[in-house]
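protein.cif (mmCIF, C-alpha atoms) appears below.
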```cif
data_entry
loop_
_atom_site.group_PDB
_atom_site.id
_atom_site.type_symbol
_atom_site.label_atom_id
_atom_site.label_comp_id
_atom_site.auth_asym_id
_atom_site.auth_seq_id
_atom_site.Cartn_x
_atom_site.Cartn_y
_atom_site.Cartn_z
ATOM 1 C CA MET A 93 74.306 101.865 84.719
ATOM 2 C CA LEU A 94 77.479 103.846 85.423
ATOM 3 C CA ASP A 95 78.713 103.057 81.913
ATOM 4 C CA TRP A 96 75.659 104.766 80.484
ATOM 5 C CA LEU A 97 76.058 107.699 82.858
ATOM 6 C CA TRP A 98 79.726 108.281 81.930
ATOM 7 C CA ALA A 99 79.057 107.796 78.217
ATOM 8 C CA GLY A 100 76.161 110.242 78.432
ATOM 9 C CA MET A 101 78.264 112.885 80.201
ATOM 10 C CA ILE A 102 81.077 112.543 77.638
ATOM 11 C CA LEU A 103 78.645 112.733 74.732
ATOM 12 C CA LEU A 104 76.875 115.734 76.281
ATOM 13 C CA SER A 105 80.230 117.511 76.815
ATOM 14 C CA CYS A 106 81.248 116.929 73.203
ATOM 15 C CA LEU A 107 77.888 118.103 71.893
ATOM 16 C CA TRP A 108 77.930 121.201 74.106
ATOM 17 C CA GLY A 109 81.523 121.972 73.080
ATOM 18 C CA ALA A 110 80.578 121.603 69.397
ATOM 19 C CA MET A 111 77.528 123.867 69.781
ATOM 20 C CA GLU A 112 79.613 126.518 71.539
ATOM 21 C CA GLY A 113 82.418 126.200 68.980
ATOM 22 C CA LYS A 114 84.876 125.013 71.627
ATOM 23 C CA LEU A 115 85.387 121.400 70.560
ATOM 24 C CA GLY A 116 89.160 121.963 70.440
ATOM 25 C CA GLU A 117 89.151 123.073 74.075
ATOM 26 C CA VAL A 118 87.071 120.027 75.057
ATOM 27 C CA SER A 119 89.609 117.758 73.322
ATOM 28 C CA ALA A 120 92.531 119.527 75.025
ATOM 29 C CA ALA A 121 90.842 119.202 78.414
ATOM 30 C CA ALA A 122 90.199 115.489 77.793
ATOM 31 C CA LEU A 123 93.855 114.894 76.915
ATOM 32 C CA ALA A 124 95.034 116.838 79.964
ATOM 33 C CA GLY A 125 92.680 114.780 82.132
ATOM 34 C CA VAL A 126 94.079 111.555 80.718
ATOM 35 C CA GLU A 127 97.620 112.748 81.460
ATOM 36 C CA GLN A 128 96.664 113.596 85.042
ATOM 37 C CA ALA A 129 94.966 110.210 85.451
ATOM 38 C CA VAL A 130 98.087 108.373 84.287
ATOM 39 C CA ASP A 131 100.257 110.406 86.680
ATOM 40 C CA LEU A 132 97.869 109.643 89.542
ATOM 41 C CA CYS A 133 97.809 105.922 88.714
ATOM 42 C CA MET A 134 101.600 105.740 88.563
ATOM 43 C CA GLY A 135 101.887 107.502 91.927
ATOM 44 C CA LEU A 136 99.304 105.181 93.436
ATOM 45 C CA CYS A 137 101.046 102.118 92.030
ATOM 46 C CA ALA A 138 104.339 103.245 93.549
ATOM 47 C CA GLY A 139 102.775 103.783 96.980
ATOM 48 C CA ILE A 140 100.830 100.527 96.907
ATOM 49 C CA CYS A 141 103.933 98.599 95.792
ATOM 50 C CA LEU A 142 105.954 100.177 98.597
ATOM 51 C CA TRP A 143 103.484 99.337 101.357
ATOM 52 C CA SER A 144 102.588 95.905 99.966
ATOM 53 C CA GLY A 145 106.293 95.102 99.766
ATOM 54 C CA LEU A 146 106.748 96.309 103.326
ATOM 55 C CA LEU A 147 103.874 94.071 104.430
ATOM 56 C CA ARG A 148 105.565 91.085 102.721
ATOM 57 C CA LEU A 149 108.855 91.911 104.460
ATOM 58 C CA LEU A 150 107.052 92.115 107.791
ATOM 59 C CA GLU A 151 105.467 88.725 107.086
ATOM 60 C CA ARG A 152 108.797 87.110 106.171
ATOM 61 C CA GLY A 153 110.517 88.666 109.160
ATOM 62 C CA GLY A 154 107.853 87.287 111.487
ATOM 63 C CA LEU A 155 106.622 90.685 112.654
ATOM 64 C CA THR A 156 103.091 90.088 111.387
ATOM 65 C CA ARG A 157 103.037 86.838 113.387
ATOM 66 C CA LEU A 158 103.951 88.832 116.500
ATOM 67 C CA LEU A 159 101.356 91.455 115.650
ATOM 68 C CA SER A 160 98.851 88.703 115.051
ATOM 69 C CA ARG A 161 99.571 87.133 118.438
ATOM 70 C CA GLY A 162 99.146 90.553 120.017
ATOM 71 C CA MET A 163 95.784 91.042 118.288
ATOM 72 C CA GLN A 164 94.418 87.575 118.996
ATOM 73 C CA PRO A 165 93.031 88.383 122.489
ATOM 74 C CA LEU A 166 91.050 91.244 120.936
ATOM 75 C CA LEU A 167 89.972 89.117 117.963
ATOM 76 C CA ARG A 168 88.909 86.291 120.288
ATOM 77 C CA ARG A 169 86.607 88.726 122.105
ATOM 78 C CA LEU A 170 85.225 90.204 118.890
ATOM 79 C CA TYR A 171 84.973 86.897 117.025
ATOM 80 C CA PRO A 172 84.595 84.056 119.558
ATOM 81 C CA LEU A 173 83.213 81.660 116.938
ATOM 82 C CA GLY A 174 85.704 82.691 114.256
ATOM 83 C CA SER A 175 88.673 82.350 116.593
ATOM 84 C CA ARG A 176 87.974 78.633 117.020
ATOM 85 C CA ASP A 177 88.950 77.992 113.399
ATOM 86 C CA PRO A 178 92.679 78.678 112.793
ATOM 87 C CA GLU A 179 92.178 79.487 109.099
ATOM 88 C CA THR A 180 89.432 82.009 109.817
ATOM 89 C CA LEU A 181 91.421 83.543 112.678
ATOM 90 C CA ALA A 182 94.458 83.914 110.381
ATOM 91 C CA ALA A 183 92.302 85.619 107.725
ATOM 92 C CA LEU A 184 90.784 87.951 110.346
ATOM 93 C CA THR A 185 94.254 88.843 111.614
ATOM 94 C CA GLU A 186 95.620 89.464 108.115
ATOM 95 C CA ASN A 187 92.595 91.585 107.263
ATOM 96 C CA LEU A 188 92.934 93.725 110.378
ATOM 97 C CA THR A 189 96.698 94.111 109.907
ATOM 98 C CA ALA A 190 96.315 95.231 106.286
ATOM 99 C CA ASN A 191 93.559 97.673 107.263
ATOM 100 C CA LEU A 192 95.716 99.134 110.046
ATOM 101 C CA LEU A 193 98.448 99.747 107.459
ATOM 102 C CA GLY A 194 95.933 101.388 105.123
ATOM 103 C CA LEU A 195 96.249 98.665 102.501
ATOM 104 C CA GLY A 196 92.620 98.158 101.580
ATOM 105 C CA ASN A 197 93.633 96.340 98.400
ATOM 106 C CA ALA A 198 95.588 93.782 100.460
ATOM 107 C CA ALA A 199 92.859 93.604 103.118
ATOM 108 C CA THR A 200 90.121 92.662 100.664
ATOM 109 C CA PRO A 201 91.199 89.073 99.854
ATOM 110 C CA ALA A 202 91.779 88.334 103.551
ATOM 111 C CA GLY A 203 88.411 89.895 104.391
ATOM 112 C CA ILE A 204 86.699 87.674 101.818
ATOM 113 C CA ARG A 205 88.408 84.572 103.265
ATOM 114 C CA ALA A 206 87.410 85.643 106.780
ATOM 115 C CA ALA A 207 83.807 86.282 105.685
ATOM 116 C CA ARG A 208 83.603 82.853 104.035
ATOM 117 C CA GLY A 209 85.003 81.227 107.179
ATOM 118 C CA LEU A 210 82.569 83.070 109.430
ATOM 119 C CA ARG A 211 79.690 82.238 107.093
ATOM 120 C CA ARG A 212 80.646 78.562 107.208
ATOM 121 C CA LEU A 213 80.900 78.631 111.020
ATOM 122 C CA GLU A 214 77.671 80.596 111.530
ATOM 123 C CA GLY A 215 75.703 78.367 109.160
ATOM 124 C CA ASP A 216 73.292 79.230 106.397
ATOM 125 C CA GLY A 217 70.567 81.768 106.757
ATOM 126 C CA GLU A 218 70.962 85.394 107.720
ATOM 127 C CA PRO A 219 74.456 86.687 108.499
ATOM 128 C CA GLY A 220 75.300 86.253 112.156
ATOM 129 C CA PRO A 221 76.723 88.842 114.546
ATOM 130 C CA GLU A 222 80.373 88.059 113.779
ATOM 131 C CA LEU A 223 79.934 88.431 110.028
ATOM 132 C CA ARG A 224 78.123 91.719 110.584
ATOM 133 C CA ARG A 225 80.919 92.887 112.881
ATOM 134 C CA LEU A 226 83.468 92.063 110.175
ATOM 135 C CA ALA A 227 81.479 94.104 107.646
ATOM 136 C CA VAL A 228 81.338 97.083 110.016
ATOM 137 C CA MET A 229 85.040 96.878 110.850
ATOM 138 C CA ASN A 230 85.986 96.674 107.172
ATOM 139 C CA SER A 231 83.717 99.581 106.288
ATOM 140 C CA ALA A 232 85.169 101.727 109.076
ATOM 141 C CA SER A 233 88.684 100.619 108.090
ATOM 142 C CA ILE A 234 90.604 101.854 111.108
ATOM 143 C CA GLN A 235 94.056 102.903 109.927
ATOM 144 C CA LEU A 236 97.328 103.740 111.592
ATOM 145 C CA VAL A 237 99.066 104.498 108.293
ATOM 146 C CA PRO A 238 96.690 105.502 105.462
ATOM 147 C CA ALA A 239 99.137 104.375 102.778
ATOM 148 C CA THR A 240 96.819 104.749 99.784
ATOM 149 C CA VAL A 241 95.574 108.219 100.750
ATOM 150 C CA CYS A 242 99.124 109.382 101.420
ATOM 151 C CA ALA A 243 100.221 107.989 98.043
ATOM 152 C CA VAL A 244 97.447 109.985 96.343
ATOM 153 C CA ARG A 245 98.506 113.117 98.229
ATOM 154 C CA ALA A 246 102.169 112.583 97.293
ATOM 155 C CA SER A 247 101.344 112.017 93.626
ATOM 156 C CA ALA A 248 99.208 115.176 93.655
ATOM 157 C CA GLY A 249 102.260 117.140 94.789
ATOM 158 C CA SER A 250 101.738 117.398 98.543
ATOM 159 C CA GLY A 251 104.930 118.403 100.349
ATOM 160 C CA SER A 252 103.920 116.523 103.483
ATOM 161 C CA PRO A 253 101.437 113.775 102.593
ATOM 162 C CA TYR A 254 101.507 112.283 106.105
ATOM 163 C CA ASP A 255 100.390 115.410 107.958
ATOM 164 C CA ILE A 256 96.836 114.056 107.886
ATOM 165 C CA LEU A 257 97.646 111.220 110.328
ATOM 166 C CA PRO A 258 95.989 112.709 113.464
ATOM 167 C CA ALA A 259 92.801 113.475 111.545
ATOM 168 C CA VAL A 260 92.769 109.966 110.059
ATOM 169 C CA TRP A 261 93.275 108.376 113.488
ATOM 170 C CA ILE A 262 90.459 110.387 115.030
ATOM 171 C CA THR A 263 87.957 109.899 112.207
ATOM 172 C CA SER A 264 88.650 106.206 111.680
ATOM 173 C CA GLY A 265 88.457 105.582 115.449
ATOM 174 C CA LEU A 266 85.180 107.485 115.683
ATOM 175 C CA SER A 267 83.703 105.738 112.653
ATOM 176 C CA LEU A 268 84.675 102.320 114.023
ATOM 177 C CA GLY A 269 83.323 103.122 117.486
ATOM 178 C CA THR A 270 80.087 104.506 116.061
ATOM 179 C CA GLY A 271 79.631 101.551 113.735
ATOM 180 C CA LEU A 272 80.210 98.997 116.497
ATOM 181 C CA LEU A 273 77.901 100.885 118.882
ATOM 182 C CA ILE A 274 75.084 101.021 116.313
ATOM 183 C CA LEU A 275 75.613 97.335 115.512
ATOM 184 C CA ALA A 276 75.418 96.440 119.220
ATOM 185 C CA LEU A 277 72.231 98.484 119.624
ATOM 186 C CA LEU A 278 70.640 96.865 116.556
ATOM 187 C CA GLU A 279 71.590 93.375 117.758
ATOM 188 C CA ARG A 280 70.131 94.144 121.176
ATOM 189 C CA TRP A 281 66.940 95.426 119.567
ATOM 190 C CA GLU A 282 66.795 92.327 117.336
ATOM 191 C CA ARG A 283 67.126 90.015 120.378
ATOM 192 C CA ARG A 284 64.370 91.926 122.152
ATOM 193 C CA GLU A 285 62.056 91.566 119.126
ATOM 194 C CA LYS A 286 62.418 87.747 119.113
#
```

Will you turn the file into structure tokens for me?
Amino acid sequence: MLDWLWAGMILLSCLWGAMEGKLGEVSAAALAGVEQAVDLCMGLCAGICLWSGLLRLLERGGLTRLLSRGMQPLLRRLYPLGSRDPETLAALTENLTANLLGLGNAATPAGIRAARGLRRLEGDGEPGPELRRLAVMNSASIQLVPATVCAVRASAGSGSPYDILPAVWITSGLSLGTGLLILALLERWERREK
């Protein structure tokens, strides 16, 4: 569907530019947009490589293991069923760590492994409370260091791409708290309906 939408907008722009006699300007704008897109992608790649490399160094140095041990009491409370399976607990920890570092691209594979583990533990049928909680926590994506956003800001020419940290901390904390509160209320309502 999006393919058709984008193709339609491009075709409409070209037709409008031709009718107005400004097809050259449309072509120049398209080329400038492509140049900006390449610059943005290169900046993003640099930032993602930096933070992904840092995450690998933290893993090899054992810091993520320490962080994981520090997070396990919290994860055991949030995911009592998932914490019984070491593989699922490791995936949950990796997912949360990557999200805290703002590495959504690194968090996704761990989140998928964690979701599969929780699904296996909860059984077939409708998703259970722990799988729903994982979905909410991934959607809220609480971040200490929003690496990807800061990389976009840096590639766009921001002089201080990290000055957004307090706003990110507040909004991601509020979105996580709100999401978990709504989930708890819905689960309570669902239990009452049964």

Looking at only C-alpha atoms, which of A:Ile262, A:Leu257, A:Pro238, A:Asn187 is the one that sits closest to Leu226 of chain A?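 For Leu226 of chain A, the nearest of the given residues is A:Asn187.
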
For each of A:Glu279, A:Glu222, A:Asp131, A:Asp255, take the minimum atom-to-atom distance to Leu184 of chain A, counting only C-alpha atoms, then give the residue where this is smallest.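 Distance minimum relative to Leu184 of chain A lands on A:Glu222.
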
Rounded to one decimal, what separation in Å do you get between atom CA of Ile140 of chain A and atom CA of Leu123 of chain A?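 These atoms are spaced 25.6 Å apart.
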
What separates atom CA of Ala259 of chain A and atom CA of Ile274 of chain A is a distance of 22.2 Å

From A:Leu192, A:Thr185, A:Leu103, A:Leu278, residue lying nearest Arg161 of chain A [only C-alpha atoms]: A:Thr185

Written as a PyMOL selection string, what is the full residue list that the PyMOL selection byres ((chain A and resi 235) around 10) yields on the file shown? chain A and resi 188-196+232-234+236-239+257+260-265

Would you mind reading off the distance between atom CA of Arg205 of chain A and atom CA of Glu179 of chain A, one decimal, in Å?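 According to the coordinates, atom CA of Arg205 of chain A and atom CA of Glu179 of chain A are separated by 8.6 Å.
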
Name the residues that the PyMOL selection byres ((chain A and resi 202) around 8) picks from the file above, as a short mmCIF file (atom, residue, chain, number, x, y, z; two decimals) with C-alpha atoms, in the frame of the given file, using the file's chain letters and numbers.
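Contents of selection-v8.cif, as written:
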```
data_model
loop_
_atom_site.label_atom_id
_atom_site.label_comp_id
_atom_site.auth_asym_id
_atom_site.auth_seq_id
_atom_site.Cartn_x
_atom_site.Cartn_y
_atom_site.Cartn_z
CA ALA A 183 92.30 85.62 107.72
CA LEU A 184 90.78 87.95 110.35
CA GLU A 186 95.62 89.46 108.12
CA ASN A 187 92.60 91.58 107.26
CA ALA A 198 95.59 93.78 100.46
CA ALA A 199 92.86 93.60 103.12
CA THR A 200 90.12 92.66 100.66
CA PRO A 201 91.20 89.07 99.85
CA GLY A 203 88.41 89.90 104.39
CA ILE A 204 86.70 87.67 101.82
CA ARG A 205 88.41 84.57 103.26
CA ALA A 206 87.41 85.64 106.78
#
```

When you get a chance, write out N, CA and C atoms for segment 160-196 of chain A, as a PDB file, in the coordinates of the input.
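Writing the result to part.pdb gives the following:
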```
ATOM      1  N   SER A 160     100.026  89.553 115.032  1.00  0.00           N
ATOM      2  CA  SER A 160      98.851  88.703 115.051  1.00  0.00           C
ATOM      3  C   SER A 160      98.627  88.101 116.439  1.00  0.00           C
ATOM      4  N   ARG A 161      99.705  87.662 117.073  1.00  0.00           N
ATOM      5  CA  ARG A 161      99.571  87.133 118.438  1.00  0.00           C
ATOM      6  C   ARG A 161      99.098  88.224 119.393  1.00  0.00           C
ATOM      7  N   GLY A 162      99.572  89.442 119.173  1.00  0.00           N
ATOM      8  CA  GLY A 162      99.146  90.553 120.017  1.00  0.00           C
ATOM      9  C   GLY A 162      97.685  90.913 119.817  1.00  0.00           C
ATOM     10  N   MET A 163      97.180  90.704 118.593  1.00  0.00           N
ATOM     11  CA  MET A 163      95.784  91.042 118.288  1.00  0.00           C
ATOM     12  C   MET A 163      94.819  89.914 118.622  1.00  0.00           C
ATOM     13  N   GLN A 164      95.312  88.712 118.797  1.00  0.00           N
ATOM     14  CA  GLN A 164      94.418  87.575 118.996  1.00  0.00           C
ATOM     15  C   GLN A 164      93.523  87.688 120.226  1.00  0.00           C
ATOM     16  N   PRO A 165      93.989  88.219 121.369  1.00  0.00           N
ATOM     17  CA  PRO A 165      93.031  88.383 122.489  1.00  0.00           C
ATOM     18  C   PRO A 165      91.846  89.284 122.109  1.00  0.00           C
ATOM     19  N   LEU A 166      92.125  90.359 121.385  1.00  0.00           N
ATOM     20  CA  LEU A 166      91.050  91.244 120.936  1.00  0.00           C
ATOM     21  C   LEU A 166      90.146  90.528 119.942  1.00  0.00           C
ATOM     22  N   LEU A 167      90.761  89.825 118.973  1.00  0.00           N
ATOM     23  CA  LEU A 167      89.972  89.117 117.963  1.00  0.00           C
ATOM     24  C   LEU A 167      89.150  87.990 118.585  1.00  0.00           C
ATOM     25  N   ARG A 168      89.669  87.356 119.616  1.00  0.00           N
ATOM     26  CA  ARG A 168      88.909  86.291 120.288  1.00  0.00           C
ATOM     27  C   ARG A 168      87.672  86.853 120.989  1.00  0.00           C
ATOM     28  N   ARG A 169      87.781  88.088 121.478  1.00  0.00           N
ATOM     29  CA  ARG A 169      86.607  88.726 122.105  1.00  0.00           C
ATOM     30  C   ARG A 169      85.599  89.181 121.051  1.00  0.00           C
ATOM     31  N   LEU A 170      86.116  89.720 119.946  1.00  0.00           N
ATOM     32  CA  LEU A 170      85.225  90.204 118.890  1.00  0.00           C
ATOM     33  C   LEU A 170      84.619  89.073 118.066  1.00  0.00           C
ATOM     34  N   TYR A 171      85.390  88.007 117.876  1.00  0.00           N
ATOM     35  CA  TYR A 171      84.973  86.897 117.025  1.00  0.00           C
ATOM     36  C   TYR A 171      85.168  85.569 117.755  1.00  0.00           C
ATOM     37  N   PRO A 172      84.385  85.296 118.804  1.00  0.00           N
ATOM     38  CA  PRO A 172      84.595  84.056 119.558  1.00  0.00           C
ATOM     39  C   PRO A 172      84.409  82.801 118.701  1.00  0.00           C
ATOM     40  N   LEU A 173      83.441  82.809 117.817  1.00  0.00           N
ATOM     41  CA  LEU A 173      83.213  81.660 116.938  1.00  0.00           C
ATOM     42  C   LEU A 173      84.317  81.556 115.896  1.00  0.00           C
ATOM     43  N   GLY A 174      84.670  82.674 115.290  1.00  0.00           N
ATOM     44  CA  GLY A 174      85.704  82.691 114.256  1.00  0.00           C
ATOM     45  C   GLY A 174      87.083  82.339 114.784  1.00  0.00           C
ATOM     46  N   SER A 175      87.340  82.627 116.041  1.00  0.00           N
ATOM     47  CA  SER A 175      88.673  82.350 116.593  1.00  0.00           C
ATOM     48  C   SER A 175      88.893  80.870 116.871  1.00  0.00           C
ATOM     49  N   ARG A 176      87.832  80.079 116.812  1.00  0.00           N
ATOM     50  CA  ARG A 176      87.974  78.633 117.020  1.00  0.00           C
ATOM     51  C   ARG A 176      88.570  77.934 115.799  1.00  0.00           C
ATOM     52  N   ASP A 177      88.429  78.562 114.642  1.00  0.00           N
ATOM     53  CA  ASP A 177      88.950  77.992 113.399  1.00  0.00           C
ATOM     54  C   ASP A 177      90.251  78.713 113.048  1.00  0.00           C
ATOM     55  N   PRO A 178      91.389  78.017 113.035  1.00  0.00           N
ATOM     56  CA  PRO A 178      92.679  78.678 112.793  1.00  0.00           C
ATOM     57  C   PRO A 178      92.754  79.412 111.450  1.00  0.00           C
ATOM     58  N   GLU A 179      92.141  78.853 110.419  1.00  0.00           N
ATOM     59  CA  GLU A 179      92.178  79.487 109.099  1.00  0.00           C
ATOM     60  C   GLU A 179      91.398  80.803 109.107  1.00  0.00           C
ATOM     61  N   THR A 180      90.244  80.795 109.732  1.00  0.00           N
ATOM     62  CA  THR A 180      89.432  82.009 109.817  1.00  0.00           C
ATOM     63  C   THR A 180      90.124  83.052 110.691  1.00  0.00           C
ATOM     64  N   LEU A 181      90.700  82.625 111.795  1.00  0.00           N
ATOM     65  CA  LEU A 181      91.421  83.543 112.678  1.00  0.00           C
ATOM     66  C   LEU A 181      92.611  84.171 111.948  1.00  0.00           C
ATOM     67  N   ALA A 182      93.327  83.377 111.156  1.00  0.00           N
ATOM     68  CA  ALA A 182      94.458  83.914 110.381  1.00  0.00           C
ATOM     69  C   ALA A 182      93.976  84.943 109.366  1.00  0.00           C
ATOM     70  N   ALA A 183      92.848  84.667 108.702  1.00  0.00           N
ATOM     71  CA  ALA A 183      92.302  85.619 107.725  1.00  0.00           C
ATOM     72  C   ALA A 183      91.843  86.897 108.414  1.00  0.00           C
ATOM     73  N   LEU A 184      91.216  86.765 109.582  1.00  0.00           N
ATOM     74  CA  LEU A 184      90.784  87.951 110.346  1.00  0.00           C
ATOM     75  C   LEU A 184      91.987  88.794 110.747  1.00  0.00           C
ATOM     76  N   THR A 185      93.044  88.136 111.192  1.00  0.00           N
ATOM     77  CA  THR A 185      94.254  88.843 111.614  1.00  0.00           C
ATOM     78  C   THR A 185      94.909  89.557 110.441  1.00  0.00           C
ATOM     79  N   GLU A 186      95.016  88.858 109.307  1.00  0.00           N
ATOM     80  CA  GLU A 186      95.620  89.464 108.115  1.00  0.00           C
ATOM     81  C   GLU A 186      94.800  90.651 107.634  1.00  0.00           C
ATOM     82  N   ASN A 187      93.485  90.506 107.682  1.00  0.00           N
ATOM     83  CA  ASN A 187      92.595  91.585 107.263  1.00  0.00           C
ATOM     84  C   ASN A 187      92.764  92.810 108.144  1.00  0.00           C
ATOM     85  N   LEU A 188      92.787  92.600 109.449  1.00  0.00           N
ATOM     86  CA  LEU A 188      92.934  93.725 110.378  1.00  0.00           C
ATOM     87  C   LEU A 188      94.306  94.378 110.237  1.00  0.00           C
ATOM     88  N   THR A 189      95.352  93.569 110.073  1.00  0.00           N
ATOM     89  CA  THR A 189      96.698  94.111 109.907  1.00  0.00           C
ATOM     90  C   THR A 189      96.796  94.975 108.658  1.00  0.00           C
ATOM     91  N   ALA A 190      96.266  94.468 107.548  1.00  0.00           N
ATOM     92  CA  ALA A 190      96.315  95.231 106.286  1.00  0.00           C
ATOM     93  C   ALA A 190      95.503  96.522 106.403  1.00  0.00           C
ATOM     94  N   ASN A 191      94.355  96.460 107.075  1.00  0.00           N
ATOM     95  CA  ASN A 191      93.559  97.673 107.263  1.00  0.00           C
ATOM     96  C   ASN A 191      94.293  98.688 108.129  1.00  0.00           C
ATOM     97  N   LEU A 192      94.967  98.222 109.181  1.00  0.00           N
ATOM     98  CA  LEU A 192      95.716  99.134 110.046  1.00  0.00           C
ATOM     99  C   LEU A 192      96.819  99.841 109.269  1.00  0.00           C
ATOM    100  N   LEU A 193      97.401  99.145 108.282  1.00  0.00           N
ATOM    101  CA  LEU A 193      98.448  99.747 107.459  1.00  0.00           C
ATOM    102  C   LEU A 193      97.875 100.534 106.277  1.00  0.00           C
ATOM    103  N   GLY A 194      96.555 100.613 106.190  1.00  0.00           N
ATOM    104  CA  GLY A 194      95.933 101.388 105.123  1.00  0.00           C
ATOM    105  C   GLY A 194      95.993 100.721 103.768  1.00  0.00           C
ATOM    106  N   LEU A 195      96.137  99.408 103.753  1.00  0.00           N
ATOM    107  CA  LEU A 195      96.249  98.665 102.501  1.00  0.00           C
ATOM    108  C   LEU A 195      94.934  97.950 102.207  1.00  0.00           C
ATOM    109  N   GLY A 196      93.930  98.734 101.855  1.00  0.00           N
ATOM    110  CA  GLY A 196      92.620  98.158 101.580  1.00  0.00           C
ATOM    111  C   GLY A 196      92.650  97.111 100.482  1.00  0.00           C
TER     112      GLY A 196
END
```
